[in-house]
file run.cif (mmCIF, C-alpha atoms)
data_start
#
loop_
_atom_site.group_PDB
_atom_site.id
_atom_site.type_symbol
_atom_site.label_atom_id
_atom_site.label_comp_id
_atom_site.auth_asym_id
_atom_site.auth_seq_id
_atom_site.Cartn_x
_atom_site.Cartn_y
_atom_site.Cartn_z
ATOM 1 C CA MET A 358 -172.818 126.239 104.131
ATOM 2 C CA TYR A 359 -169.390 126.738 102.634
ATOM 3 C CA TYR A 360 -166.991 123.863 102.005
ATOM 4 C CA LEU A 361 -163.335 124.858 101.813
ATOM 5 C CA TYR A 362 -160.765 122.623 100.194
ATOM 6 C CA ALA A 363 -157.233 122.964 98.889
ATOM 7 C CA MET A 364 -157.420 123.461 95.135
ATOM 8 C CA ALA A 365 -155.289 120.375 94.605
ATOM 9 C CA THR A 366 -158.021 118.304 96.230
ATOM 10 C CA GLU A 367 -160.973 120.192 94.814
ATOM 11 C CA ILE A 368 -160.178 119.878 91.126
ATOM 12 C CA SER A 369 -157.948 116.852 91.065
ATOM 13 C CA GLY A 370 -158.577 114.373 93.868
ATOM 14 C CA VAL A 371 -155.814 112.312 92.275
ATOM 15 C CA ASP A 372 -153.165 110.234 93.985
ATOM 16 C CA MET A 373 -149.762 110.642 92.353
ATOM 17 C CA ASP A 374 -149.609 106.861 91.845
ATOM 18 C CA ASP A 375 -152.491 107.283 89.373
ATOM 19 C CA LEU A 376 -150.269 109.506 87.226
ATOM 20 C CA ARG A 377 -147.543 106.929 86.757
ATOM 21 C CA PRO A 378 -146.312 105.677 84.390
ATOM 22 C CA GLN A 379 -148.455 107.698 81.959
ATOM 23 C CA GLY A 380 -147.861 111.076 83.567
ATOM 24 C CA PHE A 381 -151.498 112.164 83.282
ATOM 25 C CA LYS A 382 -154.943 111.483 84.701
ATOM 26 C CA ILE A 383 -158.335 112.658 83.417
ATOM 27 C CA HIS A 384 -161.486 112.304 85.473
ATOM 28 C CA GLU A 385 -164.983 113.673 85.933
ATOM 29 C CA LEU A 386 -165.557 115.560 89.171
ATOM 30 C CA PRO A 387 -168.015 114.085 91.669
ATOM 31 C CA LYS A 388 -171.160 116.188 92.040
ATOM 32 C CA SER A 389 -170.598 116.685 95.740
ATOM 33 C CA ILE A 390 -167.572 116.346 97.999
ATOM 34 C CA ASN A 391 -167.535 116.280 101.773
ATOM 35 C CA ILE A 392 -163.992 115.582 102.921
ATOM 36 C CA SER A 393 -161.487 117.134 105.266
ATOM 37 C CA PRO A 394 -159.000 119.615 103.829
ATOM 38 C CA LEU A 395 -155.821 117.993 102.531
ATOM 39 C CA ARG A 396 -152.358 119.465 102.209
ATOM 40 C CA SER A 397 -151.640 120.676 98.694
ATOM 41 C CA ARG A 398 -149.182 118.705 96.554
ATOM 42 C CA ARG A 399 -146.393 120.460 94.661
ATOM 43 C CA ASP A 400 -145.493 117.901 92.043
ATOM 44 C CA TYR A 401 -148.203 118.094 89.441
ATOM 45 C CA TYR A 402 -150.122 120.569 87.289
ATOM 46 C CA LYS A 403 -153.887 120.743 86.860
ATOM 47 C CA ILE A 404 -156.513 122.036 84.462
ATOM 48 C CA GLY A 405 -160.087 122.053 85.680
ATOM 49 C CA LEU A 406 -163.381 122.786 83.963
ATOM 50 C CA VAL A 407 -165.902 123.471 86.737
ATOM 51 C CA THR A 408 -169.526 124.599 86.837
ATOM 52 C CA GLY A 409 -171.003 125.808 90.115
ATOM 53 C CA ASP A 410 -171.430 128.638 92.588
ATOM 54 C CA MET A 411 -168.039 129.207 94.174
ATOM 55 C CA THR A 412 -165.453 131.609 95.510
ATOM 56 C CA VAL A 413 -161.875 131.128 94.335
ATOM 57 C CA GLY A 414 -158.904 132.347 96.332
ATOM 58 C CA TYR A 415 -155.666 132.977 94.417
ATOM 59 C CA GLY A 416 -152.876 134.254 96.634
ATOM 60 C CA ASP A 417 -154.339 137.438 98.147
ATOM 61 C CA GLN A 418 -157.097 137.752 95.511
ATOM 62 C CA VAL A 419 -160.692 136.555 95.897
ATOM 63 C CA LEU A 420 -162.815 135.852 92.798
ATOM 64 C CA HIS A 421 -166.502 134.943 92.688
ATOM 65 C CA PHE A 422 -168.099 132.736 89.991
ATOM 66 C CA GLN A 423 -171.543 131.300 89.434
ATOM 67 C CA ASP A 424 -171.199 129.729 86.005
ATOM 68 C CA THR A 425 -168.521 127.663 84.243
ATOM 69 C CA VAL A 426 -164.835 128.470 84.704
ATOM 70 C CA LEU A 427 -161.571 127.020 83.457
ATOM 71 C CA PHE A 428 -158.746 126.698 86.036
ATOM 72 C CA PHE A 429 -155.016 126.447 85.418
ATOM 73 C CA VAL A 430 -153.076 125.424 88.519
ATOM 74 C CA ASN A 431 -149.327 125.267 89.036
ATOM 75 C CA PRO A 432 -147.706 123.640 92.099
ATOM 76 C CA ILE A 433 -146.313 126.848 93.583
ATOM 77 C CA VAL A 434 -149.003 129.445 94.212
ATOM 78 C CA PRO A 435 -151.631 128.480 96.830
ATOM 79 C CA ARG A 436 -155.231 128.473 95.690
ATOM 80 C CA SER A 437 -158.469 127.543 97.407
ATOM 81 C CA VAL A 438 -162.108 127.019 96.489
ATOM 82 C CA ALA A 439 -165.172 127.678 98.630
ATOM 83 C CA ARG A 440 -168.344 126.053 97.320
ATOM 84 C CA ARG A 441 -171.527 128.016 97.888
ATOM 85 C CA SER A 442 -173.693 125.026 97.033
ATOM 86 C CA GLY A 443 -173.340 121.276 97.382
ATOM 87 C CA ASP A 444 -173.403 120.571 93.650
ATOM 88 C CA THR A 445 -170.404 121.288 91.456
ATOM 89 C CA THR A 446 -169.811 119.526 88.156
ATOM 90 C CA GLY A 447 -166.956 119.355 85.708
ATOM 91 C CA TYR A 448 -163.725 117.656 84.732
ATOM 92 C CA ALA A 449 -160.075 117.739 85.739
ATOM 93 C CA CYS A 450 -156.847 116.941 83.941
ATOM 94 C CA THR A 451 -153.830 116.369 86.155
ATOM 95 C CA PHE A 452 -150.338 115.823 84.771
ATOM 96 C CA THR A 453 -146.674 115.859 85.724
ATOM 97 C CA GLU A 454 -144.152 118.346 84.428
ATOM 98 C CA ASN A 455 -142.272 115.527 82.703
ATOM 99 C CA PHE A 456 -145.390 114.767 80.657
ATOM 100 C CA MET A 457 -145.430 118.242 79.081
ATOM 101 C CA PRO A 458 -142.219 120.062 80.066
ATOM 102 C CA ALA A 459 -142.333 122.670 77.291
ATOM 103 C CA ILE A 460 -145.915 123.660 78.091
ATOM 104 C CA VAL A 461 -145.463 124.185 81.818
ATOM 105 C CA LYS A 462 -142.232 126.119 81.370
ATOM 106 C CA LYS A 463 -143.340 128.397 78.526
ATOM 107 C CA SER A 464 -147.103 128.861 78.736
ATOM 108 C CA PRO A 465 -148.154 132.015 80.614
ATOM 109 C CA LEU A 466 -151.136 130.061 81.940
ATOM 110 C CA PHE A 467 -148.835 128.176 84.304
ATOM 111 C CA HIS A 468 -146.870 131.190 85.505
ATOM 112 C CA ALA A 469 -147.454 132.512 88.990
ATOM 113 C CA ALA A 470 -147.755 136.181 88.045
ATOM 114 C CA ASP A 471 -151.409 136.161 86.917
ATOM 115 C CA HIS A 472 -154.519 134.468 88.265
ATOM 116 C CA GLN A 473 -155.547 131.744 85.813
ATOM 117 C CA VAL A 474 -159.306 131.443 86.266
ATOM 118 C CA ILE A 475 -161.228 132.057 83.041
ATOM 119 C CA GLN A 476 -165.000 132.498 82.956
ATOM 120 C CA LEU A 477 -166.651 130.832 79.950
ATOM 121 C CA ASN A 478 -169.818 131.503 77.985
ATOM 122 C CA THR A 479 -172.164 128.694 76.931
ATOM 123 C CA LYS A 480 -170.471 128.075 73.573
ATOM 124 C CA GLN A 481 -166.964 128.041 75.036
ATOM 125 C CA ALA A 482 -168.040 125.752 77.885
ATOM 126 C CA ALA A 483 -169.624 123.281 75.439
ATOM 127 C CA PHE A 484 -166.497 123.183 73.271
ATOM 128 C CA LEU A 485 -164.147 122.604 76.212
ATOM 129 C CA THR A 486 -166.484 120.048 77.779
ATOM 130 C CA ALA A 487 -166.312 118.065 74.541
ATOM 131 C CA ILE A 488 -162.493 118.113 74.712
ATOM 132 C CA PHE A 489 -162.454 116.817 78.292
ATOM 133 C CA GLN A 490 -164.945 114.099 77.373
ATOM 134 C CA LYS A 491 -162.731 113.141 74.433
ATOM 135 C CA MET A 492 -159.712 112.921 76.739
ATOM 136 C CA LEU A 493 -161.645 110.588 79.036
ATOM 137 C CA GLU A 494 -162.469 108.407 76.036
ATOM 138 C CA ILE A 495 -158.823 108.360 74.923
ATOM 139 C CA GLN A 496 -157.575 107.553 78.426
ATOM 140 C CA ASP A 497 -159.946 104.599 78.753
ATOM 141 C CA GLY A 498 -159.223 103.304 75.250
ATOM 142 C CA ASN A 499 -156.456 101.102 73.862
ATOM 143 C CA TYR A 500 -154.819 103.543 71.453
ATOM 144 C CA SER A 501 -151.057 103.006 71.529
ATOM 145 C CA TYR A 502 -150.248 106.725 71.358
ATOM 146 C CA LYS A 503 -152.811 107.957 73.860
ATOM 147 C CA GLY A 504 -150.207 110.062 75.671
ATOM 148 C CA GLN A 505 -149.442 112.058 72.533
ATOM 149 C CA LEU A 506 -153.134 112.500 71.798
ATOM 150 C CA ILE A 507 -153.863 113.642 75.363
ATOM 151 C CA GLY A 508 -150.976 116.096 75.033
ATOM 152 C CA SER A 509 -152.513 117.496 71.859
ATOM 153 C CA CYS A 510 -155.840 117.948 73.649
ATOM 154 C CA ILE A 511 -154.130 119.810 76.488
ATOM 155 C CA GLU A 512 -152.436 122.111 73.991
ATOM 156 C CA LEU A 513 -155.796 122.759 72.342
ATOM 157 C CA ILE A 514 -157.317 123.697 75.710
ATOM 158 C CA ILE A 515 -154.409 126.048 76.405
ATOM 159 C CA HIS A 516 -154.684 127.787 73.032
ATOM 160 C CA GLU A 517 -158.451 128.125 73.420
ATOM 161 C CA ALA A 518 -157.927 129.669 76.864
ATOM 162 C CA LEU A 519 -155.344 132.139 75.553
ATOM 163 C CA GLN A 520 -157.718 133.100 72.771
ATOM 164 C CA ILE A 521 -160.572 133.697 75.243
ATOM 165 C CA GLN A 522 -158.490 135.595 77.771
ATOM 166 C CA PRO A 523 -154.996 136.790 76.784
ATOM 167 C CA PRO A 524 -152.554 136.756 79.714
ATOM 168 C CA GLN A 525 -152.463 139.894 81.801
ATOM 169 C CA SER A 526 -148.776 140.309 81.050
ATOM 170 C CA ALA A 527 -149.675 140.884 77.381
ATOM 171 C CA VAL A 528 -151.496 144.101 78.332
ATOM 172 C CA LEU A 529 -149.576 147.311 77.682
ATOM 173 C CA PHE A 530 -147.833 148.525 80.812
ATOM 174 C CA GLN A 531 -149.206 151.725 82.294
ATOM 175 C CA ASN A 532 -145.798 153.044 83.306
ATOM 176 C CA GLY A 533 -142.184 152.126 83.891
ATOM 177 C CA ALA A 534 -142.830 150.867 87.402
ATOM 178 C CA THR A 535 -145.385 148.271 86.265
ATOM 179 C CA ARG A 536 -143.048 147.129 83.498
ATOM 180 C CA ILE A 537 -140.129 146.714 85.916
ATOM 181 C CA THR A 538 -142.374 144.904 88.390
ATOM 182 C CA HIS A 539 -143.523 142.472 85.707
ATOM 183 C CA LEU A 540 -139.943 141.807 84.602
ATOM 184 C CA PHE A 541 -138.869 141.245 88.209
ATOM 185 C CA MET A 542 -141.761 138.855 88.920
ATOM 186 C CA ASP A 543 -141.044 136.934 85.737
ATOM 187 C CA LEU A 544 -137.339 136.668 86.563
ATOM 188 C CA LEU A 545 -138.179 135.501 90.085
ATOM 189 C CA ASP A 546 -140.753 133.001 88.834
ATOM 190 C CA ARG A 547 -138.423 131.449 86.265
ATOM 191 C CA GLN A 548 -136.048 130.283 88.999
ATOM 192 C CA PHE A 549 -138.616 127.825 90.328
ATOM 193 C CA PRO A 550 -139.305 125.020 90.908
ATOM 194 C CA ILE A 551 -135.964 123.602 92.029
ATOM 195 C CA GLU A 552 -135.916 120.110 90.566
ATOM 196 C CA GLN A 553 -132.465 118.742 91.410
ATOM 197 C CA PRO A 554 -130.182 119.128 94.444
ATOM 198 C CA SER A 555 -127.439 120.096 92.006
ATOM 199 C CA GLN A 556 -129.371 123.238 91.076
ATOM 200 C CA SER A 557 -128.460 126.425 92.865
ATOM 201 C CA LEU A 558 -130.539 129.569 93.072
ATOM 202 C CA LYS A 559 -128.678 132.276 91.157
ATOM 203 C CA LEU A 560 -130.630 135.355 92.269
ATOM 204 C CA ARG A 561 -131.401 135.730 95.982
ATOM 205 C CA THR A 562 -131.146 139.431 96.830
ATOM 206 C CA PRO A 563 -132.628 142.671 95.423
ATOM 207 C CA LYS A 564 -129.121 143.556 94.286
ATOM 208 C CA ASP A 565 -128.906 140.315 92.289
ATOM 209 C CA PHE A 566 -132.216 141.046 90.553
ATOM 210 C CA ALA A 567 -131.281 144.656 89.852
ATOM 211 C CA ALA A 568 -128.085 143.454 88.179
ATOM 212 C CA GLY A 569 -130.058 140.857 86.211
ATOM 213 C CA LEU A 570 -132.419 143.555 84.954
ATOM 214 C CA ALA A 571 -129.580 146.035 84.349
ATOM 215 C CA ILE A 572 -131.164 148.734 86.533
ATOM 216 C CA HIS A 573 -130.176 150.508 89.732
ATOM 217 C CA ILE A 574 -131.272 148.737 92.897
ATOM 218 C CA ASN A 575 -132.988 151.887 94.216
ATOM 219 C CA TYR A 576 -135.129 152.083 91.061
ATOM 220 C CA LEU A 577 -136.062 148.411 91.389
ATOM 221 C CA ASN A 578 -137.024 148.725 95.055
ATOM 222 C CA ARG A 579 -139.039 151.889 94.420
ATOM 223 C CA ALA A 580 -140.937 150.345 91.488
ATOM 224 C CA ILE A 581 -141.763 147.103 93.312
ATOM 225 C CA LYS A 582 -142.987 148.929 96.419
ATOM 226 C CA GLU A 583 -145.051 151.380 94.342
ATOM 227 C CA VAL A 584 -146.847 148.663 92.359
ATOM 228 C CA THR A 585 -147.221 145.866 94.929
ATOM 229 C CA GLY A 586 -147.023 147.646 98.264
ATOM 230 C CA LYS A 587 -144.343 145.186 99.400
ATOM 231 C CA PRO A 588 -140.539 145.526 99.409
ATOM 232 C CA THR A 589 -138.525 143.571 96.866
ATOM 233 C CA SER A 590 -136.907 141.539 99.635
ATOM 234 C CA VAL A 591 -140.320 140.349 100.882
ATOM 235 C CA HIS A 592 -141.298 138.979 97.461
ATOM 236 C CA ILE A 593 -137.982 137.133 97.218
ATOM 237 C CA ALA A 594 -138.234 135.744 100.745
ATOM 238 C CA GLN A 595 -141.817 134.547 100.202
ATOM 239 C CA ARG A 596 -140.844 132.581 97.099
ATOM 240 C CA ILE A 597 -137.720 131.103 98.674
ATOM 241 C CA ILE A 598 -139.647 130.038 101.774
ATOM 242 C CA ALA A 599 -142.495 128.606 99.672
ATOM 243 C CA GLU A 600 -139.999 126.531 97.715
ATOM 244 C CA ALA A 601 -138.168 125.505 100.888
ATOM 245 C CA LYS A 602 -141.423 124.270 102.445
ATOM 246 C CA ALA A 603 -142.296 122.332 99.301
ATOM 247 C CA LEU A 604 -138.880 120.668 99.181
ATOM 248 C CA LEU A 605 -139.019 119.818 102.882
ATOM 249 C CA LEU A 606 -142.500 118.311 102.630
ATOM 250 C CA TYR A 607 -142.391 116.569 99.271
ATOM 251 C CA THR A 608 -138.809 115.423 98.742
ATOM 252 C CA ASP A 609 -136.388 113.288 100.709
ATOM 253 C CA TRP A 610 -133.506 115.722 100.170
ATOM 254 C CA SER A 611 -131.438 116.495 103.233
ATOM 255 C CA VAL A 612 -131.743 119.940 104.790
ATOM 256 C CA SER A 613 -128.195 120.598 103.643
ATOM 257 C CA ASP A 614 -129.073 119.754 100.030
ATOM 258 C CA ILE A 615 -132.080 122.055 100.194
ATOM 259 C CA ALA A 616 -129.985 124.843 101.683
ATOM 260 C CA TYR A 617 -127.377 124.649 98.921
ATOM 261 C CA ALA A 618 -130.036 124.385 96.191
ATOM 262 C CA LEU A 619 -131.645 127.573 97.506
ATOM 263 C CA GLY A 620 -128.342 129.417 97.326
ATOM 264 C CA PHE A 621 -127.245 129.352 100.963
ATOM 265 C CA ASP A 622 -123.515 128.860 101.524
ATOM 266 C CA TYR A 623 -124.028 126.980 104.789
ATOM 267 C CA PRO A 624 -126.974 124.958 106.159
ATOM 268 C CA THR A 625 -126.875 126.995 109.375
ATOM 269 C CA TYR A 626 -127.565 130.170 107.355
ATOM 270 C CA PHE A 627 -130.596 128.465 105.836
ATOM 271 C CA ASN A 628 -131.817 127.215 109.238
ATOM 272 C CA ASN A 629 -131.598 130.692 110.742
ATOM 273 C CA TYR A 630 -133.256 132.297 107.698
ATOM 274 C CA PHE A 631 -136.101 129.773 107.676
ATOM 275 C CA LYS A 632 -136.744 130.059 111.422
ATOM 276 C CA ARG A 633 -136.624 133.872 111.345
ATOM 277 C CA ILE A 634 -139.362 134.015 108.689
ATOM 278 C CA THR A 635 -141.548 131.028 109.620
ATOM 279 C CA GLY A 636 -140.939 130.742 113.350
ATOM 280 C CA VAL A 637 -139.986 127.055 113.083
ATOM 281 C CA THR A 638 -136.901 125.137 112.017
ATOM 282 C CA PRO A 639 -136.760 123.162 108.747
ATOM 283 C CA ASN A 640 -136.546 119.848 110.609
ATOM 284 C CA SER A 641 -139.540 120.662 112.823
ATOM 285 C CA LEU A 642 -141.657 121.415 109.741
ATOM 286 C CA ARG A 643 -140.699 118.062 108.305
ATOM 287 C CA LYS A 644 -141.930 116.270 111.431
ATOM 288 C CA VAL A 645 -145.407 117.825 111.253
#

call {"tool": "encode", "arguments": {"input": "run.cif", "output": "structure tokens"}}
result
Amino acid sequence: MYYLYAMATEISGVDMDDLRPQGFKIHELPKSINISPLRSRRDYYKIGLVTGDMTVGYGDQVLHFQDTVLFFVNPIVPRSVARRSGDTTGYACTFTENFMPAIVKKSPLFHAADHQVIQLNTKQAAFLTAIFQKMLEIQDGNYSYKGQLIGSCIELIIHEALQIQPPQSAVLFQNGATRITHLFMDLLDRQFPIEQPSQSLKLRTPKDFAAGLAIHINYLNRAIKEVTGKPTSVHIAQRIIAEAKALLLYTDWSVSDIAYALGFDYPTYFNNYFKRITGVTPNSLRKV
């Protein structure tokens, strides 16, 4: 029997109150979980070291694993895990962006463009297991600078992961269309998450992105459609709506504040845009 959980529940199981005031939480995963699916949180990052027989969903991709894998999870892209057996072991490290702002903003492992699930061999799994066990020891100890030491451990995990599996974006581009698509996705990704109501989305249309990349809009649209099969406008709309949903569900900002932060001149424009794409109004989503 398959058990399907939101990735936030599957490899964290952490209440946000557990992350404050430290900004991090390390724990060993229970060997079996039998709970109802929970809605994914958007306000923390996760690294998981998991051993088991499972299927991992990342956006529209499906990956199958039977051994030990290392997960890197950001708050934006939806992921899911289906267990093929009742026993899954491992560790999870959950932390806020404020705990390691430079890492989550700069590391390719926390970007949305590539799937961040790395399969490990026995030696790699043993090394990373030892790091997670050390982090548990640090967390439970009385060392005054445990936060800095945990941060160093996280950086070590990230560098080990990059050494095992370089990010897909580092691979040479096959042609101009793939290069343009990567640049577009990166430019789109760097606009999120919206962290303050005073922020305002700078790029909202294909024309905006074409200008930002210094290329003709027709070339941009042709390249994006060729590589992804979707129009440029669809990619933009999906990210804006994903961010809008996250802000509506996990902040107390007014709908007007969210509208302005997402680059809409008037809240009514945002309401109409949101309803046209999702079929519901922003306020009705908030009441769910």

call {"tool": "closest_residue", "arguments": {"input": "run.cif", "among": "A:Asp614, A:Leu466, A:Ala483, A:Thr453", "to": "A:Gln556", "atoms": "only C-alpha atoms"}}
result
A:Asp614

call {"tool": "resolve_selection", "arguments": {"input": "run.cif", "expression": "the PyMOL selection byres ((chain A and resi 566) around 12)", "output": "count of residues only"}}
result
35

call {"tool": "closest_residue", "arguments": {"input": "run.cif", "among": "A:Asn431, A:Thr608, A:Gly405, A:Thr638", "to": "A:Glu454", "atoms": "all atoms listed in the file"}}
result
A:Asn431

call {"tool": "resolve_selection", "arguments": {"input": "run.cif", "expression": "the PyMOL selection byres ((chain A and resi 517-520) around 10)", "output": "ChimeraX atom specification"}}
result
/A:427-429,464-466,473-477,481,484-485,511-516,521-524

call {"tool": "atom_distance", "arguments": {"input": "run.cif", "atom1": "atom CA of A:Thr585", "atom2": "atom CA of A:Ala534"}}
result
10.0 Å
